[in-house]
file my_file-v7.cif (mmCIF, C-alpha atoms)
data_entry
loop_
_atom_site.group_PDB
_atom_site.id
_atom_site.type_symbol
_atom_site.label_atom_id
_atom_site.label_comp_id
_atom_site.auth_asym_id
_atom_site.auth_seq_id
_atom_site.Cartn_x
_atom_site.Cartn_y
_atom_site.Cartn_z
ATOM 1 C CA MET A 1 17.068 11.175 -22.779
ATOM 2 C CA GLU A 2 13.439 10.466 -23.677
ATOM 3 C CA GLN A 3 10.668 12.304 -21.849
ATOM 4 C CA ILE A 4 10.125 10.533 -18.542
ATOM 5 C CA ILE A 5 6.466 10.226 -17.598
ATOM 6 C CA ARG A 6 6.784 8.126 -14.454
ATOM 7 C CA ILE A 7 9.527 7.361 -11.929
ATOM 8 C CA GLY A 8 9.521 4.651 -9.292
ATOM 9 C CA MET A 9 11.914 5.304 -6.430
ATOM 10 C CA ASP A 10 13.122 2.810 -3.842
ATOM 11 C CA THR A 11 14.216 4.722 -0.763
ATOM 12 C CA SER A 12 16.510 4.137 2.192
ATOM 13 C CA LYS A 13 18.439 6.372 4.562
ATOM 14 C CA HIS A 14 21.364 7.110 2.231
ATOM 15 C CA ILE A 15 20.818 5.268 -1.094
ATOM 16 C CA PHE A 16 17.959 5.872 -3.569
ATOM 17 C CA GLN A 17 17.293 3.757 -6.659
ATOM 18 C CA LEU A 18 15.330 5.271 -9.563
ATOM 19 C CA HIS A 19 13.468 3.557 -12.403
ATOM 20 C CA GLY A 20 11.787 5.748 -15.042
ATOM 21 C CA VAL A 21 9.753 4.954 -18.148
ATOM 22 C CA ASP A 22 8.688 6.983 -21.184
ATOM 23 C CA ALA A 23 5.310 7.256 -22.890
ATOM 24 C CA ALA A 24 5.917 3.881 -24.592
ATOM 25 C CA GLU A 25 6.446 2.254 -21.169
ATOM 26 C CA GLN A 26 10.087 1.598 -22.027
ATOM 27 C CA PRO A 27 12.750 2.014 -19.319
ATOM 28 C CA VAL A 28 14.764 5.174 -19.941
ATOM 29 C CA LEU A 29 16.134 5.815 -16.458
ATOM 30 C CA ARG A 30 17.972 3.459 -14.140
ATOM 31 C CA LYS A 31 20.009 5.430 -11.683
ATOM 32 C CA ARG A 32 21.357 5.174 -8.151
ATOM 33 C CA LEU A 33 21.718 8.370 -6.150
ATOM 34 C CA GLY A 34 23.007 9.363 -2.757
ATOM 35 C CA ARG A 35 20.997 11.466 -0.339
ATOM 36 C CA LYS A 36 22.907 14.676 -1.108
ATOM 37 C CA GLN A 37 22.330 14.273 -4.862
ATOM 38 C CA MET A 38 18.549 13.905 -4.725
ATOM 39 C CA VAL A 39 17.304 17.503 -4.731
ATOM 40 C CA ALA A 40 19.808 18.663 -7.365
ATOM 41 C CA PHE A 41 18.916 15.768 -9.695
ATOM 42 C CA PHE A 42 15.148 16.241 -9.536
ATOM 43 C CA ALA A 43 15.466 20.019 -9.834
ATOM 44 C CA LYS A 44 16.869 19.493 -13.344
ATOM 45 C CA LEU A 45 14.142 17.056 -14.421
ATOM 46 C CA PRO A 46 10.938 18.246 -16.136
ATOM 47 C CA PRO A 47 7.826 17.793 -13.948
ATOM 48 C CA SER A 48 6.901 14.121 -13.750
ATOM 49 C CA VAL A 49 5.070 11.630 -11.531
ATOM 50 C CA ILE A 50 7.141 10.013 -8.788
ATOM 51 C CA GLY A 51 6.048 6.938 -6.872
ATOM 52 C CA MET A 52 7.385 5.856 -3.463
ATOM 53 C CA GLU A 53 6.410 3.456 -0.744
ATOM 54 C CA ALA A 54 4.655 5.118 2.197
ATOM 55 C CA CYS A 55 7.447 4.399 4.667
ATOM 56 C CA GLY A 56 9.940 6.325 6.788
ATOM 57 C CA ALA A 57 10.750 9.849 5.493
ATOM 58 C CA ALA A 58 8.490 9.340 2.444
ATOM 59 C CA HIS A 59 6.282 12.298 3.362
ATOM 60 C CA TYR A 60 9.354 14.546 3.706
ATOM 61 C CA TRP A 61 10.604 13.643 0.237
ATOM 62 C CA ALA A 62 7.100 14.021 -1.173
ATOM 63 C CA ARG A 63 6.953 17.597 0.129
ATOM 64 C CA GLU A 64 10.437 18.365 -1.225
ATOM 65 C CA PHE A 65 9.668 16.993 -4.702
ATOM 66 C CA GLY A 66 6.331 18.799 -4.687
ATOM 67 C CA LYS A 67 8.185 22.098 -4.279
ATOM 68 C CA LEU A 68 10.102 21.266 -7.464
ATOM 69 C CA GLY A 69 6.884 20.804 -9.452
ATOM 70 C CA HIS A 70 6.684 17.008 -9.413
ATOM 71 C CA GLU A 71 3.576 14.999 -8.528
ATOM 72 C CA VAL A 72 4.288 12.447 -5.802
ATOM 73 C CA ARG A 73 2.205 9.336 -5.161
ATOM 74 C CA LEU A 74 2.727 7.264 -2.038
ATOM 75 C CA ILE A 75 1.725 3.595 -2.081
ATOM 76 C CA ALA A 76 1.266 1.216 0.838
ATOM 77 C CA PRO A 77 4.124 -1.348 0.708
ATOM 78 C CA GLN A 78 1.757 -4.336 0.581
ATOM 79 C CA HIS A 79 0.332 -3.008 -2.706
ATOM 80 C CA VAL A 80 3.784 -2.825 -4.279
ATOM 81 C CA LYS A 81 4.933 -6.325 -3.390
ATOM 82 C CA PRO A 82 2.874 -8.164 -6.079
ATOM 83 C CA TYR A 83 4.650 -6.141 -8.783
ATOM 84 C CA VAL A 84 8.190 -6.939 -7.633
ATOM 85 C CA LYS A 85 9.714 -9.719 -9.728
ATOM 86 C CA ARG A 86 11.983 -12.470 -8.492
ATOM 87 C CA ASN A 87 15.497 -11.801 -7.202
ATOM 88 C CA LYS A 88 14.547 -8.848 -5.048
ATOM 89 C CA ASN A 89 16.956 -5.910 -5.007
ATOM 90 C CA ASP A 90 16.770 -2.120 -5.085
ATOM 91 C CA GLY A 91 16.399 -2.007 -8.857
ATOM 92 C CA ARG A 92 13.568 -4.551 -8.844
ATOM 93 C CA ASP A 93 11.815 -2.663 -6.057
ATOM 94 C CA ALA A 94 11.991 0.616 -7.987
ATOM 95 C CA GLU A 95 10.713 -1.139 -11.125
ATOM 96 C CA GLY A 96 7.842 -2.668 -9.166
ATOM 97 C CA LEU A 97 6.914 0.754 -7.774
ATOM 98 C CA CYS A 98 6.924 2.243 -11.251
ATOM 99 C CA GLU A 99 4.588 -0.500 -12.446
ATOM 100 C CA ALA A 100 2.295 -0.406 -9.416
ATOM 101 C CA MET A 101 1.681 3.342 -9.608
ATOM 102 C CA SER A 102 0.470 2.996 -13.213
ATOM 103 C CA ARG A 103 -2.481 0.770 -12.264
ATOM 104 C CA PRO A 104 -5.805 2.633 -12.639
ATOM 105 C CA THR A 105 -7.296 1.013 -9.516
ATOM 106 C CA MET A 106 -4.287 1.642 -7.270
ATOM 107 C CA ARG A 107 -5.018 3.437 -3.996
ATOM 108 C CA PHE A 108 -2.560 6.064 -2.812
ATOM 109 C CA VAL A 109 -1.687 7.452 0.604
ATOM 110 C CA PRO A 110 -2.246 11.224 0.996
ATOM 111 C CA VAL A 111 0.923 13.227 1.626
ATOM 112 C CA LYS A 112 1.042 14.680 5.126
ATOM 113 C CA THR A 113 2.096 18.253 5.800
ATOM 114 C CA ALA A 114 4.806 19.109 8.305
ATOM 115 C CA GLU A 115 2.117 20.378 10.691
ATOM 116 C CA GLN A 116 0.242 17.072 10.493
ATOM 117 C CA GLN A 117 3.391 15.132 11.256
ATOM 118 C CA ALA A 118 4.140 17.409 14.221
ATOM 119 C CA ALA A 119 0.660 16.687 15.585
ATOM 120 C CA LEU A 120 1.221 12.950 15.076
ATOM 121 C CA MET A 121 4.501 13.282 16.930
ATOM 122 C CA LEU A 122 2.612 14.847 19.842
ATOM 123 C CA ALA A 123 0.161 11.943 19.970
ATOM 124 C CA GLY A 124 2.954 9.383 19.627
ATOM 125 C CA GLN A 125 4.927 11.012 22.424
ATOM 126 C CA ARG A 126 1.929 10.775 24.745
ATOM 127 C CA GLU A 127 1.372 7.127 23.867
ATOM 128 C CA GLN A 128 5.022 6.310 24.561
ATOM 129 C CA MET A 129 4.926 8.131 27.903
ATOM 130 C CA VAL A 130 1.764 6.334 29.001
ATOM 131 C CA ALA A 131 3.371 2.988 28.143
ATOM 132 C CA ARG A 132 6.530 3.956 30.045
ATOM 133 C CA ARG A 133 4.484 5.050 33.079
ATOM 134 C CA THR A 134 2.681 1.701 33.125
ATOM 135 C CA GLN A 135 5.966 -0.151 32.760
ATOM 136 C CA LEU A 136 7.620 1.817 35.547
ATOM 137 C CA GLY A 137 4.623 1.453 37.866
ATOM 138 C CA ASN A 138 4.554 -2.310 37.338
ATOM 139 C CA MET A 139 8.292 -2.482 37.959
ATOM 140 C CA ILE A 140 7.975 -0.607 41.258
ATOM 141 C CA ARG A 141 5.092 -2.823 42.394
ATOM 142 C CA GLY A 142 6.939 -5.997 41.416
ATOM 143 C CA TYR A 143 10.142 -5.085 43.226
ATOM 144 C CA ALA A 144 8.233 -3.889 46.297
ATOM 145 C CA ALA A 145 6.315 -7.179 46.462
ATOM 146 C CA GLU A 146 9.647 -9.025 46.666
ATOM 147 C CA PHE A 147 10.190 -7.292 50.005
ATOM 148 C CA GLY A 148 6.660 -7.916 51.258
ATOM 149 C CA VAL A 149 5.330 -4.408 50.555
ATOM 150 C CA THR A 150 2.128 -4.278 48.478
ATOM 151 C CA GLU A 151 -0.453 -1.639 47.617
ATOM 152 C CA ALA A 152 -3.908 -1.452 46.030
ATOM 153 C CA LYS A 153 -4.391 -0.864 42.307
ATOM 154 C CA GLY A 154 -4.307 2.614 40.811
ATOM 155 C CA LEU A 155 -1.787 5.192 39.654
ATOM 156 C CA ASP A 156 -2.433 7.254 42.757
ATOM 157 C CA LYS A 157 -1.114 4.388 44.901
ATOM 158 C CA ILE A 158 2.430 4.405 43.505
ATOM 159 C CA GLU A 159 3.723 7.365 45.505
ATOM 160 C CA PRO A 160 2.279 6.075 48.836
ATOM 161 C CA LEU A 161 3.893 2.718 48.051
ATOM 162 C CA LEU A 162 7.273 4.396 47.541
ATOM 163 C CA ALA A 163 6.837 6.311 50.797
ATOM 164 C CA ARG A 164 6.145 3.066 52.682
ATOM 165 C CA VAL A 165 9.201 1.411 51.158
ATOM 166 C CA ALA A 166 11.398 4.374 52.127
ATOM 167 C CA GLN A 167 10.303 4.047 55.771
ATOM 168 C CA ASP A 168 10.481 0.256 55.975
ATOM 169 C CA GLU A 169 13.672 -0.746 57.783
ATOM 170 C CA CYS A 170 13.203 -4.350 56.630
ATOM 171 C CA VAL A 171 14.041 -3.275 53.070
ATOM 172 C CA PRO A 172 17.824 -3.215 52.471
ATOM 173 C CA ALA A 173 19.447 0.210 52.116
ATOM 174 C CA LEU A 174 20.563 -0.518 48.542
ATOM 175 C CA ALA A 175 16.987 -1.395 47.520
ATOM 176 C CA ARG A 176 15.648 1.794 49.153
ATOM 177 C CA GLU A 177 18.154 3.856 47.168
ATOM 178 C CA LEU A 178 17.049 2.200 43.931
ATOM 179 C CA PHE A 179 13.375 2.726 44.799
ATOM 180 C CA ALA A 180 14.174 6.415 45.342
ATOM 181 C CA VAL A 181 15.692 6.590 41.835
ATOM 182 C CA GLN A 182 12.582 4.967 40.355
ATOM 183 C CA GLY A 183 10.382 7.326 42.350
ATOM 184 C CA ARG A 184 12.120 10.397 40.991
ATOM 185 C CA GLU A 185 11.807 9.036 37.468
ATOM 186 C CA TYR A 186 8.091 8.329 38.020
ATOM 187 C CA VAL A 187 7.405 11.851 39.327
ATOM 188 C CA GLN A 188 9.323 13.433 36.438
ATOM 189 C CA LEU A 189 7.433 11.269 33.948
ATOM 190 C CA GLN A 190 4.102 12.357 35.447
ATOM 191 C CA VAL A 191 5.086 16.033 35.069
ATOM 192 C CA GLU A 192 6.170 15.580 31.438
ATOM 193 C CA LEU A 193 3.053 13.565 30.591
ATOM 194 C CA LYS A 194 0.823 16.268 32.054
ATOM 195 C CA ALA A 195 2.579 18.891 29.919
ATOM 196 C CA ILE A 196 2.101 16.777 26.775
ATOM 197 C CA GLU A 197 -1.601 16.264 27.545
ATOM 198 C CA ILE A 198 -2.062 20.030 28.011
ATOM 199 C CA LYS A 199 -0.591 20.598 24.527
ATOM 200 C CA LEU A 200 -2.770 17.836 23.083
ATOM 201 C CA ARG A 201 -5.939 19.307 24.576
ATOM 202 C CA ALA A 202 -4.951 22.757 23.316
ATOM 203 C CA TRP A 203 -4.553 21.291 19.832
ATOM 204 C CA HIS A 204 -7.967 19.657 20.196
ATOM 205 C CA ARG A 205 -9.660 22.923 21.223
ATOM 206 C CA ALA A 206 -8.013 24.794 18.343
ATOM 207 C CA ASN A 207 -9.202 22.299 15.707
ATOM 208 C CA ALA A 208 -12.845 22.647 14.630
ATOM 209 C CA ASP A 209 -13.039 19.102 13.187
ATOM 210 C CA SER A 210 -11.688 17.602 16.397
ATOM 211 C CA ARG A 211 -14.215 19.496 18.519
ATOM 212 C CA ARG A 212 -17.049 18.368 16.262
ATOM 213 C CA LEU A 213 -15.957 14.723 16.411
ATOM 214 C CA ALA A 214 -15.797 14.874 20.202
ATOM 215 C CA GLU A 215 -19.554 15.482 20.229
ATOM 216 C CA ILE A 216 -20.119 11.905 19.005
ATOM 217 C CA PRO A 217 -21.112 9.596 21.886
ATOM 218 C CA GLY A 218 -18.143 7.472 22.896
ATOM 219 C CA VAL A 219 -15.544 9.752 21.269
ATOM 220 C CA GLY A 220 -13.464 11.917 23.587
ATOM 221 C CA ALA A 221 -10.604 14.317 23.070
ATOM 222 C CA ILE A 222 -8.027 11.541 22.523
ATOM 223 C CA GLY A 223 -10.181 9.707 19.976
ATOM 224 C CA ALA A 224 -11.156 12.922 18.192
ATOM 225 C CA THR A 225 -7.580 14.145 17.846
ATOM 226 C CA GLY A 226 -6.487 10.690 16.654
ATOM 227 C CA LEU A 227 -9.186 10.662 13.982
ATOM 228 C CA VAL A 228 -8.228 14.099 12.681
ATOM 229 C CA MET A 229 -4.491 13.375 12.731
ATOM 230 C CA LYS A 230 -4.483 9.895 11.223
ATOM 231 C CA THR A 231 -7.536 9.681 8.965
ATOM 232 C CA PRO A 232 -7.158 10.815 5.331
ATOM 233 C CA ASP A 233 -9.745 12.938 3.542
ATOM 234 C CA PRO A 234 -13.164 11.641 4.686
ATOM 235 C CA ARG A 235 -14.445 12.024 1.122
ATOM 236 C CA ALA A 236 -12.252 9.031 0.219
ATOM 237 C CA PHE A 237 -14.761 6.813 2.063
ATOM 238 C CA PRO A 238 -18.125 6.418 0.257
ATOM 239 C CA SER A 239 -19.715 5.131 3.459
ATOM 240 C CA GLY A 240 -19.034 4.425 7.095
ATOM 241 C CA ARG A 241 -18.426 0.769 6.280
ATOM 242 C CA HIS A 242 -15.567 1.755 3.983
ATOM 243 C CA PHE A 243 -14.020 3.583 6.921
ATOM 244 C CA ALA A 244 -14.578 0.520 9.132
ATOM 245 C CA ALA A 245 -12.750 -1.606 6.532
ATOM 246 C CA TRP A 246 -9.892 0.917 6.389
ATOM 247 C CA ILE A 247 -9.415 0.836 10.153
ATOM 248 C CA GLY A 248 -9.694 -2.966 10.336
ATOM 249 C CA LEU A 249 -13.077 -3.498 12.004
ATOM 250 C CA THR A 250 -14.700 -5.573 9.257
ATOM 251 C CA PRO A 251 -14.495 -9.400 9.067
ATOM 252 C CA LYS A 252 -11.702 -10.972 7.085
ATOM 253 C CA ASP A 253 -13.229 -12.349 3.901
ATOM 254 C CA HIS A 254 -11.902 -15.668 2.565
ATOM 255 C CA SER A 255 -14.849 -16.745 0.413
ATOM 256 C CA THR A 256 -14.594 -19.088 -2.543
ATOM 257 C CA ALA A 257 -16.825 -21.172 -4.855
ATOM 258 C CA GLY A 258 -19.894 -19.187 -3.852
ATOM 259 C CA ARG A 259 -19.422 -19.966 -0.171
ATOM 260 C CA THR A 260 -19.144 -17.038 2.188
ATOM 261 C CA ARG A 261 -16.410 -17.508 4.761
ATOM 262 C CA LEU A 262 -15.904 -14.659 7.193
ATOM 263 C CA GLY A 263 -13.310 -14.745 9.944
ATOM 264 C CA LYS A 264 -12.118 -12.380 12.652
ATOM 265 C CA ILE A 265 -11.747 -8.660 12.046
ATOM 266 C CA THR A 266 -8.843 -7.823 9.754
ATOM 267 C CA ARG A 267 -7.138 -5.503 12.290
ATOM 268 C CA ALA A 268 -5.720 -3.488 9.440
ATOM 269 C CA GLY A 269 -4.924 0.191 9.820
ATOM 270 C CA ASP A 270 -3.780 2.035 12.917
ATOM 271 C CA GLU A 271 -3.951 -0.188 15.996
ATOM 272 C CA ARG A 272 -3.960 2.646 18.529
ATOM 273 C CA LEU A 273 -6.774 4.545 16.811
ATOM 274 C CA ARG A 274 -8.854 1.369 16.495
ATOM 275 C CA SER A 275 -8.393 0.478 20.158
ATOM 276 C CA VAL A 276 -9.445 3.964 21.309
ATOM 277 C CA LEU A 277 -12.585 3.908 19.152
ATOM 278 C CA VAL A 278 -13.511 0.374 20.214
ATOM 279 C CA ALA A 279 -13.043 1.242 23.901
ATOM 280 C CA GLY A 280 -15.234 4.322 23.522
ATOM 281 C CA ALA A 281 -17.932 2.421 21.633
ATOM 282 C CA THR A 282 -17.893 -0.399 24.188
ATOM 283 C CA GLY A 283 -18.359 2.036 27.043
ATOM 284 C CA GLU A 284 -21.186 3.794 25.231
ATOM 285 C CA ALA A 285 -22.883 0.474 24.427
ATOM 286 C CA GLY A 286 -22.679 -0.465 28.095
ATOM 287 C CA SER A 287 -24.368 2.766 29.154
ATOM 288 C CA TRP A 288 -27.196 2.239 26.654
ATOM 289 C CA SER A 289 -27.653 -1.327 27.900
ATOM 290 C CA SER A 290 -27.979 -0.010 31.451
ATOM 291 C CA ILE A 291 -30.643 2.443 30.306
ATOM 292 C CA ALA A 292 -32.524 -0.322 28.491
ATOM 293 C CA LEU A 293 -32.435 -2.605 31.530
ATOM 294 C CA ALA A 294 -33.658 0.211 33.740
ATOM 295 C CA ALA A 295 -36.557 0.751 31.320
ATOM 296 C CA GLY A 296 -37.619 -2.877 31.675
ATOM 297 C CA PRO A 297 -37.067 -6.374 30.239
ATOM 298 C CA ALA A 298 -39.356 -5.747 27.268
ATOM 299 C CA GLU A 299 -37.333 -2.758 26.082
ATOM 300 C CA ALA A 300 -34.083 -4.699 26.550
ATOM 301 C CA GLN A 301 -35.416 -7.578 24.423
ATOM 302 C CA ALA A 302 -36.548 -5.118 21.745
ATOM 303 C CA GLY A 303 -33.044 -3.630 21.641
ATOM 304 C CA LYS A 304 -31.524 -7.078 21.199
ATOM 305 C CA ALA A 305 -33.930 -7.829 18.348
ATOM 306 C CA ARG A 306 -33.010 -4.588 16.583
ATOM 307 C CA ARG A 307 -29.313 -5.345 16.858
ATOM 308 C CA ARG A 308 -29.854 -8.925 15.635
ATOM 309 C CA GLY A 309 -31.731 -7.614 12.600
ATOM 310 C CA ALA A 310 -28.934 -5.181 11.834
ATOM 311 C CA ARG A 311 -26.363 -7.995 11.925
ATOM 312 C CA GLN A 312 -28.459 -10.153 9.600
ATOM 313 C CA GLN A 313 -28.596 -7.324 7.074
ATOM 314 C CA ASP A 314 -24.823 -7.027 7.147
ATOM 315 C CA ARG A 315 -23.061 -8.395 4.076
ATOM 316 C CA PRO A 316 -19.399 -8.953 3.168
ATOM 317 C CA HIS A 317 -17.901 -5.803 1.753
ATOM 318 C CA SER A 318 -15.886 -5.681 -1.435
ATOM 319 C CA LEU A 319 -13.348 -3.204 -0.076
ATOM 320 C CA GLU A 320 -10.113 -4.935 0.851
ATOM 321 C CA ALA A 321 -8.882 -3.567 4.176
ATOM 322 C CA ASP A 322 -5.309 -2.591 3.398
ATOM 323 C CA GLY A 323 -4.113 -0.714 6.503
ATOM 324 C CA GLU A 324 -2.718 2.228 4.538
ATOM 325 C CA ARG A 325 -0.871 4.917 6.681
#

call {"tool": "encode", "arguments": {"input": "my_file-v7.cif", "output": "C-alpha cells"}}
result
Amino acid sequence: MEQIIRIGMDTSKHIFQLHGVDAAEQPVLRKRLGRKQMVAFFAKLPPSVIGMEACGAAHYWAREFGKLGHEVRLIAPQHVKPYVKRNKNDGRDAEGLCEAMSRPTMRFVPVKTAEQQAALMLAGQREQMVARRTQLGNMIRGYAAEFGVTEAKGLDKIEPLLARVAQDECVPALARELFAVQGREYVQLQVELKAIEIKLRAWHRANADSRRLAEIPGVGAIGATGLVMKTPDPRAFPSGRHFAAWIGLTPKDHSTAGRTRLGKITRAGDERLRSVLVAGATGEAGSWSSIALAAGPAEAQAGKARRRGARQQDRPHSLEADGER
C-alpha cells in the first residue's frame, strides 16, 4: 500500500467508512470497518492526518487516534457538504471529508479533552433540569386552574399552590393524588438542581479564566462558565467582532452587485451561550440607561448620539458565521 497522507472518515455508531489518498492525491484506501476494528487498524498505520465531522463521539475518537500518533482534524458538517458529490453514501461522505480537510482555508474545530466534555455535561444537565422544572411548574399550574385553583407567578408559589390543592375538598381525590405525585417530583427536582448548581459554582471558582470573565459587566457565573467551556482558543479570533460572528450576533450578509444587503443576525453558534450573553448585556444596558436618565436629558441624548455614531461606523464583516461546535 502506498504511503497514506490523509484519511477522511465517515462515522456512525457501529460502521466507519475510510477514504485515504497518497501524496499524488490518488485514492489508495477505501475500507469499511466496524467499531471493534477501529483501534487495531489505526494502531498498525503510520502516523497520518485523519479528518472527521465534528459530530457525536468525534472528540472521543480524536483523543483515541491522537494517542496512536495520528493528527485529527474535526470539521463542521456544513463545511463538508459542498465537497460531497452526487449520490450521497458513506463512501462519498468519506471522500468529501478527505477533500475538504485538504483546503488551505478550511477552519477546524478544536478537539475537546475529557475534562472539558465533563464540564459541558454539567452545564447541559443544569439546562435540562431548568427546562424540566419550568415544564413541571407550568403543568401543575395548568391542571390546578382546571379545578379553579390559581396562584401568583414565581417558583416560590408552586409549593403553596400544591398545599392549597391538597386541602381543597372540591378537587377530586384522584386529582389530589396525582398532584401529590407531581409535587414530590418537583421537590426532588429542586434538590437535584441545587446540587448541580453547587458543582457548577465550584467549577467556576476553581477556574481562573471563568472568575476573570465574571468581572465583565453583564457576565455572571453561568455566562462565564459557558464561555470557558464552549469557546475555543480566544487567539483564534483576531477581534471581538470575529467572536460575535462565531456566536451568531452579526447581521446575515446577502450582498451582491455592489449593493449591501444585511438581514437579521445569523444566530449561528451555540444558542444557549448566545442567549445568556444577550440577556446579560441587555440588563447591563438597561442599568446604564437608568444612570443616564438620572443624570439628565442632555446626558441621555449624548449617549444616544454616541451609540448612533458607533452603528454608522459598523461595516459588514468578511467572516462567515459558521456555528462551529

call {"tool": "atom_distance", "arguments": {"input": "my_file-v7.cif", "atom1": "CA of Lys194 (chain A)", "atom2": "CA of Leu120 (chain A)"}}
result
17.3 Å

call {"tool": "atom_distance", "arguments": {"input": "my_file-v7.cif", "atom1": "CA of Leu45 (chain A)", "atom2": "CA of Pro82 (chain A)"}}
result
28.9 Å

call {"tool": "residues_around", "arguments": {"input": "my_file-v7.cif", "residues": "Ala23 (chain A)", "least_positions_apart": "5", "cutoff": "12 Å", "atoms": "all atoms listed in the file", "output": "mmCIF file with C-alpha atoms, keeping the file's coordinate frame"}}
result
data_model
loop_
_atom_site.group_PDB
_atom_site.id
_atom_site.type_symbol
_atom_site.label_atom_id
_atom_site.label_comp_id
_atom_site.auth_asym_id
_atom_site.auth_seq_id
_atom_site.Cartn_x
_atom_site.Cartn_y
_atom_site.Cartn_z
ATOM 1 C CA GLU A 2 13.439 10.466 -23.677
ATOM 2 C CA GLN A 3 10.668 12.304 -21.849
ATOM 3 C CA ILE A 4 10.125 10.533 -18.542
ATOM 4 C CA ILE A 5 6.466 10.226 -17.598
ATOM 5 C CA ARG A 6 6.784 8.126 -14.454
ATOM 6 C CA ILE A 7 9.527 7.361 -11.929
ATOM 7 C CA VAL A 28 14.764 5.174 -19.941
ATOM 8 C CA SER A 48 6.901 14.121 -13.750
ATOM 9 C CA SER A 102 0.470 2.996 -13.213
#

call {"tool": "resolve_selection", "arguments": {"input": "my_file-v7.cif", "expression": "the PyMOL selection byres ((chain A and resi 150) around 12)", "output": "PyMOL selection string"}}
result
chain A and resi 138+140-149+151-153+157-158+160-165

call {"tool": "axis_aligned_box", "arguments": {"input": "my_file-v7.cif", "around": "region 69-75 of chain A", "padding_each_side": "3 Å", "output": "AutoDock Vina command-line options"}}
result
--center_x 4.3 --center_y 12.2 --center_z -5.7 --size_x 11.2 --size_y 23.2 --size_z 13.4

call {"tool": "residues_around", "arguments": {"input": "my_file-v7.cif", "residues": "Met9 (chain A)", "least_positions_apart": "5", "cutoff": "8 Å", "atoms": "only C-alpha atoms", "output": "JSON, numbers by chain"}}
result
{"A": [16, 17, 18, 19, 50, 51, 52, 93, 94, 97, 98]}

call {"tool": "atom_distance", "arguments": {"input": "my_file-v7.cif", "atom1": "CA of Val109 (chain A)", "atom2": "CA of Ala76 (chain A)"}}
result
6.9 Å

call {"tool": "residues_around", "arguments": {"input": "my_file-v7.cif", "residues": "Ala236 (chain A)", "least_positions_apart": "2", "cutoff": "12 Å", "atoms": "all atoms listed in the file", "output": "list in words"}}
result
Arg107, Phe108, Val109, Pro110, Thr231, Pro232, Asp233, Pro234, Pro238, Ser239, Gly240, Arg241, His242, Phe243 and Trp246 of chain A

call {"tool": "closest_residue", "arguments": {"input": "my_file-v7.cif", "among": "A:Arg35, A:Arg259, A:His59, A:Arg126", "to": "Ala195 (chain A)", "atoms": "only C-alpha atoms"}}
result
A:Arg126

call {"tool": "residues_around", "arguments": {"input": "my_file-v7.cif", "residues": "Val84 (chain A)", "least_positions_apart": "6", "cutoff": "12 Å", "atoms": "only C-alpha atoms", "output": "list in words"}}
result
Gly8, Asp10, Pro77, Gln78, Asp90, Gly91, Arg92, Asp93, Ala94, Glu95, Gly96, Leu97, Cys98, Glu99 and Ala100 of chain A

call {"tool": "resolve_selection", "arguments": {"input": "my_file-v7.cif", "expression": "the PyMOL selection byres ((chain A and resi 270-276) around 12)", "output": "ChimeraX atom specification"}}
result
/A:120,123-124,126-128,218-231,243-250,265-269,277-283,321-325

call {"tool": "resolve_selection", "arguments": {"input": "my_file-v7.cif", "expression": "the PyMOL selection byres ((chain A and resi 187) around 12)", "output": "ChimeraX atom specification"}}
result
/A:133,136-137,155-156,158-159,162,180-186,188-194

call {"tool": "closest_residue", "arguments": {"input": "my_file-v7.cif", "among": "A:Ala54, A:Val72, A:Ala202, A:Met121", "to": "Ser12 (chain A)", "atoms": "all atoms listed in the file"}}
result
A:Ala54

call {"tool": "closest_residue", "arguments": {"input": "my_file-v7.cif", "among": "A:Gly263, A:Thr134, A:Leu122, A:Arg212", "to": "Leu200 (chain A)", "atoms": "only C-alpha atoms"}}
result
A:Leu122
